[in-house]
Amino acid sequence: MSPEILQLVVWSTVDTMVMVGVSSLFGTLLGLPLGIFLATSRANELFPAPAANRILGLIVNATRSTPFIILVVAIVPLTRLIAGTSIGTRAAVVPLTIAAIPFIARVIEAAIREVDQGLVEAARAFGASPLQIVQKVLLPEAMPAVTLALTLTVVSLLGYSAMVGAVGGGGLGDLGIRYGYQRFMPEVMATVVLVLIALVQGVQTLGEAIARWLDKRTRN
Amino acid sequence: MPRPSDVQSRPIIAFANVSKVYPSRKESAQVVALDDIFLEVPEGAIVGVIGKSGAGKSTLIRLINGLERPSSGHVLVNGTDVTGLDERGLRQARRSIGMIFQHFNLLSSRTAFENIALPLEIAGVAKSEIAGVVEPLLAMVGLSDKRDRYPAELSGGQKQRVGIARALATRPKVLLSDEATSALDPETTDQILSLLKTINAELKLTIVFITHEMSVVKKLADRVAVLESGRIVEQGTTYEIFAHPCHETTRRFVGSVTGGNVPEWLAAKLRPQRRDGDSAVLHVAFVGGGADQPVLSRLARTLGVDVNILHGQVETIADHPFGSLFISVSAEPETLRGIIAELRAGQNSVEHLGYVS
């Protein structure tokens with residue numbers, strides 16, 4: 001592989017990491033509160049708002065059922081509004097974030113619903129407010145599951161990021177399509193796949209290690 | 001120590017006309033969890049509510065700290081009608097009512113120390129003051145050396161001790177215990193019960209507990225209420241309930257501890273009609289004073305009858321001896337009448353169960 005191509009691989013890897021990193025961060029910032037709300041707002045829950053819960057649930061489902069490549073094209077005006085452009089790596093962050101939010105919201109909702117209701121009752125019995133219950137009971141107790149859920153999200157976003165080449169976003173997927181496939185350079189394709197495998201392995205291992213460290217339930 | 005029945009202190013908890021109905025769309029599917037409950041808990045007493053599962057005891061105890069709201073009636077705690085409080089007022093009231101649970105409900109992500117600190121954090125106690133409250137509590141429940149252990153590293157009994165310390169962190173006047181020993185083995189149960197007795201005596205803490213085990217009532221309670229299908233069918237001091245159980249449910253509960261329930265092997269052999277050569281089976285319950293009378297030897301001496309002991313048990317309940325004996329004796333009608341009359345001396349009760357060969 002020529003040094004030029006190798007440099008392309010390095011820059012594409014950086015592009016991918018930036019796109020996935022930034023969209024994971026914004027996805028979490030927006031998806032976490034949404035997930036908490038979805039997990040606590042049915043009738044008889046901490047913040048009962050069943051109508052809002054149902055409407056947000058519908059929006060989340062709709063976003064999640066839209067194929068990512070269609071989402072990318074469909075929200076071009078929004079992308080231009082937020083990123084100032086609709087092509088390139090910076091623009092690609094917008095659809096990635098939009099796709100990440102409902103995904104993160106659902107996995108975090110599931111993680112919070114796993115928390116033993118007895119703990120919520122105990123906290124209520126000690127006079128905790130709904131907000132205190134979220135802050136002191138639900139989130140800390142759900143943390144190991146939330147970490148695994150976020151790991152899953154990052155891995156999925158690595159996959160999605162390969163598609164943003166379609167709108168001029170860079171990254172490893174774009175490199176693989178343009179050089180590996182269209183210019184028929186199998187060694188580039190193989191390198192791209194190997195780097196992606198390594199990234200996924202790394203993220204998964206790190207996520208599991210953090211979750212294990214946070215989980216105090218199985219210490220004997 | 002004065003018995004609560006002798007003390008005319010004002011009740012710290014009072015239920016008046018309390019009912020709880022879980023509504024349903026269909027009228028017929030409505031569940032009446034509690035039906036017109038009257039119950040008073042004297043300050044400083046330990047009151048047990050016993051009932052089978054589904055009797056309504058969970059609902060009853062949760063009405064005290066407002067985790068459940070009654071459909072009608074009033075619950076007064078420490079002079080405040082908790083049924084009239086809004087959520088904010090309830091949260092304030094709950095800080096003076098501690099609670100412990102069957103499954104402990106400790107946060108797995110917090111150490112013993114941090115779990116005990118939780119109610120203090122919730123109440124907004126300054127961080128600098130928290131250790132000063134938590135450390136003595138850890139010492140009181142005997143877990144100072146487990147301070148930094150997570151619940152997963154503690155035994156069931158130790159977890160419940162953390163639960164008790166946590167419930168006491170805000171210095172409550174009342175402690176509610178929701179089947180606190182039901183998940184523990186008998187030895188650990190005894191340790192937890194004696195810890196609760198100590199706390200009751202030293203901190204003058206009123207304790208209300210629910211259980212389905214009469215043995216827990218026997219060891220812990222000053223007063224008992226027996227709950228069945230949402231109604232209190234009987235209540236009184238522990239001694240009264242054990243000595244003179246009136247309701248069928250109470251009798252069964254009492255019998256499970258005093259040995260008053262007919263053992264299965266005997267029940268299988270009993271028959272109602274007498275045949276030739278049969279012996280009569282009697283159940284003699286010795287209550288309080290009657291338990292120290294030599295009734296059996298007197299029977300042999302004065303009537304000259306042979307007494308065969310089939311099954312028996314003597315227990316101490318609320319400082320009184322309680323005995324229960326199943327005996328078989330000669331079944332000649334004349335003699336049998338004499339035997340029964342002789343045995344009925346004092347407070348003993350005698351029941352003729354049937355015949356065996």
# chains A, B, ... in the order shown; residues from 1 in each chain; ligands from 1

call {"tool": "interface_residues", "arguments": {"of": "chain A", "to": "chain B", "cutoff": "9 Å", "atoms": "only C-alpha atoms", "output": "PyMOL selection string"}}
result
chain A and resi 116-129+132+136-137+140-141+143+214-220

call {"tool": "write_last_selection", "arguments": {"atoms": "C-alpha atoms", "output": "PDB file, in the first residue's frame"}}
result
ATOM      1  CA  ASP A 116     -35.976  -3.049  41.144  1.00  0.00           C
ATOM      2  CA  GLN A 117     -39.238  -1.233  41.996  1.00  0.00           C
ATOM      3  CA  GLY A 118     -38.586  -2.049  45.659  1.00  0.00           C
ATOM      4  CA  LEU A 119     -35.741   0.494  45.616  1.00  0.00           C
ATOM      5  CA  VAL A 120     -38.097   3.166  44.305  1.00  0.00           C
ATOM      6  CA  GLU A 121     -40.593   2.322  47.043  1.00  0.00           C
ATOM      7  CA  ALA A 122     -37.869   2.487  49.690  1.00  0.00           C
ATOM      8  CA  ALA A 123     -36.752   5.902  48.448  1.00  0.00           C
ATOM      9  CA  ARG A 124     -40.365   7.151  48.487  1.00  0.00           C
ATOM     10  CA  ALA A 125     -40.716   5.819  52.033  1.00  0.00           C
ATOM     11  CA  PHE A 126     -37.728   7.971  53.062  1.00  0.00           C
ATOM     12  CA  GLY A 127     -39.381  11.068  51.637  1.00  0.00           C
ATOM     13  CA  ALA A 128     -37.534  11.317  48.314  1.00  0.00           C
ATOM     14  CA  SER A 129     -39.015  13.526  45.588  1.00  0.00           C
ATOM     15  CA  GLN A 132     -34.296  12.704  43.847  1.00  0.00           C
ATOM     16  CA  LYS A 136     -30.078   9.021  43.611  1.00  0.00           C
ATOM     17  CA  VAL A 137     -31.697   5.693  42.814  1.00  0.00           C
ATOM     18  CA  PRO A 140     -26.880   5.082  39.776  1.00  0.00           C
ATOM     19  CA  GLU A 141     -28.568   1.670  39.857  1.00  0.00           C
ATOM     20  CA  MET A 143     -25.471   2.790  35.359  1.00  0.00           C
ATOM     21  CA  LEU A 214     -19.618   0.057  37.895  1.00  0.00           C
ATOM     22  CA  ASP A 215     -21.555  -3.090  38.719  1.00  0.00           C
ATOM     23  CA  LYS A 216     -21.351  -3.862  42.439  1.00  0.00           C
ATOM     24  CA  ARG A 217     -24.020  -6.561  42.352  1.00  0.00           C
ATOM     25  CA  THR A 218     -21.762  -9.573  41.895  1.00  0.00           C
ATOM     26  CA  ARG A 219     -18.908  -9.194  44.349  1.00  0.00           C
ATOM     27  CA  ASN A 220     -18.159 -12.166  46.487  1.00  0.00           C
TER      28      ASN A 220
END

call {"tool": "select_by_dssp", "arguments": {"residues": "range 132-357 of chain B", "states": "helix (DSSP H, G or I)", "output": "ChimeraX atom specification"}}
result
/B:132-140,144-146,151-153,156-168,186-203,214-220,238-243,248-258,264-269,288-292,295-303,333-343

call {"tool": "residues_around", "arguments": {"residues": "range 74-84 of chain A", "least_positions_apart": "3", "cutoff": "12 Å", "atoms": "only C-alpha atoms", "output": "PDB file with N, CA and C atoms, in the first residue's frame"}}
result
ATOM      1  N   THR A  63     -38.778   7.412  13.971  1.00  0.00           N
ATOM      2  CA  THR A  63     -37.390   7.692  13.607  1.00  0.00           C
ATOM      3  C   THR A  63     -36.591   6.398  13.486  1.00  0.00           C
ATOM      4  N   THR A  66     -37.209   4.441  10.268  1.00  0.00           N
ATOM      5  CA  THR A  66     -36.783   5.001   8.985  1.00  0.00           C
ATOM      6  C   THR A  66     -35.371   4.480   8.676  1.00  0.00           C
ATOM      7  N   PRO A  67     -35.157   3.865   7.494  1.00  0.00           N
ATOM      8  CA  PRO A  67     -33.808   3.409   7.154  1.00  0.00           C
ATOM      9  C   PRO A  67     -32.830   4.579   7.210  1.00  0.00           C
ATOM     10  N   PHE A  68     -31.637   4.356   7.741  1.00  0.00           N
ATOM     11  CA  PHE A  68     -30.704   5.459   7.988  1.00  0.00           C
ATOM     12  C   PHE A  68     -30.392   6.256   6.720  1.00  0.00           C
ATOM     13  N   ILE A  69     -30.210   5.533   5.613  1.00  0.00           N
ATOM     14  CA  ILE A  69     -29.821   6.231   4.378  1.00  0.00           C
ATOM     15  C   ILE A  69     -30.930   7.177   3.914  1.00  0.00           C
ATOM     16  N   ILE A  70     -32.185   6.785   4.166  1.00  0.00           N
ATOM     17  CA  ILE A  70     -33.316   7.660   3.824  1.00  0.00           C
ATOM     18  C   ILE A  70     -33.375   8.856   4.771  1.00  0.00           C
ATOM     19  N   LEU A  71     -33.102   8.587   6.036  1.00  0.00           N
ATOM     20  CA  LEU A  71     -33.077   9.662   7.029  1.00  0.00           C
ATOM     21  C   LEU A  71     -32.047  10.721   6.640  1.00  0.00           C
ATOM     22  N   ILE A  87     -22.962  18.760   3.035  1.00  0.00           N
ATOM     23  CA  ILE A  87     -21.993  17.728   2.643  1.00  0.00           C
ATOM     24  C   ILE A  87     -20.763  17.791   3.536  1.00  0.00           C
ATOM     25  N   GLY A  88     -20.097  16.650   3.624  1.00  0.00           N
ATOM     26  CA  GLY A  88     -18.865  16.602   4.408  1.00  0.00           C
ATOM     27  C   GLY A  88     -19.062  15.960   5.767  1.00  0.00           C
ATOM     28  N   THR A  89     -17.959  15.780   6.443  1.00  0.00           N
ATOM     29  CA  THR A  89     -17.963  15.089   7.728  1.00  0.00           C
ATOM     30  C   THR A  89     -18.779  15.855   8.770  1.00  0.00           C
ATOM     31  N   ARG A  90     -18.642  17.195   8.760  1.00  0.00           N
ATOM     32  CA  ARG A  90     -19.368  17.999   9.740  1.00  0.00           C
ATOM     33  C   ARG A  90     -20.881  17.822   9.564  1.00  0.00           C
ATOM     34  N   ALA A  91     -21.315  17.820   8.316  1.00  0.00           N
ATOM     35  CA  ALA A  91     -22.739  17.648   8.038  1.00  0.00           C
ATOM     36  C   ALA A  91     -23.212  16.263   8.449  1.00  0.00           C
ATOM     37  N   ALA A  92     -22.348  15.267   8.299  1.00  0.00           N
ATOM     38  CA  ALA A  92     -22.745  13.890   8.586  1.00  0.00           C
ATOM     39  C   ALA A  92     -23.100  13.695  10.060  1.00  0.00           C
ATOM     40  N   VAL A  93     -22.536  14.555  10.924  1.00  0.00           N
ATOM     41  CA  VAL A  93     -22.808  14.422  12.357  1.00  0.00           C
ATOM     42  C   VAL A  93     -24.303  14.608  12.641  1.00  0.00           C
ATOM     43  N   VAL A  94     -24.961  15.469  11.859  1.00  0.00           N
ATOM     44  CA  VAL A  94     -26.371  15.768  12.146  1.00  0.00           C
ATOM     45  C   VAL A  94     -27.272  14.535  11.994  1.00  0.00           C
ATOM     46  N   PRO A  95     -27.299  13.870  10.825  1.00  0.00           N
ATOM     47  CA  PRO A  95     -28.156  12.671  10.737  1.00  0.00           C
ATOM     48  C   PRO A  95     -27.724  11.567  11.711  1.00  0.00           C
ATOM     49  N   LEU A  96     -26.416  11.451  11.945  1.00  0.00           N
ATOM     50  CA  LEU A  96     -25.966  10.427  12.900  1.00  0.00           C
ATOM     51  C   LEU A  96     -26.536  10.700  14.296  1.00  0.00           C
ATOM     52  N   THR A  97     -26.520  11.985  14.698  1.00  0.00           N
ATOM     53  CA  THR A  97     -27.059  12.344  16.013  1.00  0.00           C
ATOM     54  C   THR A  97     -28.565  12.099  16.060  1.00  0.00           C
ATOM     55  N   ILE A  98     -29.250  12.525  14.974  1.00  0.00           N
ATOM     56  CA  ILE A  98     -30.700  12.341  14.928  1.00  0.00           C
ATOM     57  C   ILE A  98     -31.059  10.853  15.028  1.00  0.00           C
ATOM     58  N   ALA A  99     -30.242  10.002  14.393  1.00  0.00           N
ATOM     59  CA  ALA A  99     -30.505   8.566  14.470  1.00  0.00           C
ATOM     60  C   ALA A  99     -30.162   8.015  15.855  1.00  0.00           C
ATOM     61  N   VAL A 164     -22.636   7.477   5.485  1.00  0.00           N
ATOM     62  CA  VAL A 164     -22.729   8.924   5.257  1.00  0.00           C
ATOM     63  C   VAL A 164     -21.836   9.372   4.108  1.00  0.00           C
ATOM     64  N   VAL A 167     -23.540  11.245   1.309  1.00  0.00           N
ATOM     65  CA  VAL A 167     -23.741  12.695   1.256  1.00  0.00           C
ATOM     66  C   VAL A 167     -22.404  13.424   1.432  1.00  0.00           C
TER      67      VAL A 167
END

call {"tool": "residues_around", "arguments": {"residues": "Thr191 in chain A", "least_positions_apart": "3", "cutoff": "10 Å", "atoms": "only C-alpha atoms", "output": "list of chain:residue names"}}
result
A:Met1, A:Leu6, A:Val9, A:Leu172, A:Gly176, A:Gly180, A:Pro186, A:Glu187, A:Val188, A:Leu194, A:Val195, A:Leu196, A:Ile197

call {"tool": "write_last_selection", "arguments": {"atoms": "C-alpha atoms", "output": "PDB file, in the first residue's frame"}}
result
ATOM      1  CA  MET A   1       0.000   0.000   0.000  1.00  0.00           C
ATOM      2  CA  LEU A   6      -2.034   4.705   4.127  1.00  0.00           C
ATOM      3  CA  VAL A   9      -6.747   5.290   5.870  1.00  0.00           C
ATOM      4  CA  LEU A 172     -13.801   4.573   6.650  1.00  0.00           C
ATOM      5  CA  GLY A 176     -13.921   1.567   1.331  1.00  0.00           C
ATOM      6  CA  GLY A 180     -11.857  -0.393  -2.315  1.00  0.00           C
ATOM      7  CA  PRO A 186      -9.064  -4.921  -2.509  1.00  0.00           C
ATOM      8  CA  GLU A 187      -6.203  -4.159  -0.098  1.00  0.00           C
ATOM      9  CA  VAL A 188      -7.891  -0.860   0.826  1.00  0.00           C
ATOM     10  CA  LEU A 194      -9.867  -4.642   9.638  1.00  0.00           C
ATOM     11  CA  VAL A 195      -9.757  -1.129  11.147  1.00  0.00           C
ATOM     12  CA  LEU A 196     -13.539  -1.198  11.694  1.00  0.00           C
ATOM     13  CA  ILE A 197     -13.283  -4.616  13.371  1.00  0.00           C
TER      14      ILE A 197
END

call {"tool": "atom_distance", "arguments": {"atom1": "CA of Val295 in chain B", "atom2": "CA of Ala243 in chain B"}}
result
18.4 Å

call {"tool": "atom_distance", "arguments": {"atom1": "CA of Gly207 in chain A", "atom2": "CA of Thr151 in chain A"}}
result
5.4 Å

call {"tool": "atom_distance", "arguments": {"atom1": "CA of Leu343 in chain B", "atom2": "CA of Lys218 in chain B"}}
result
26.0 Å
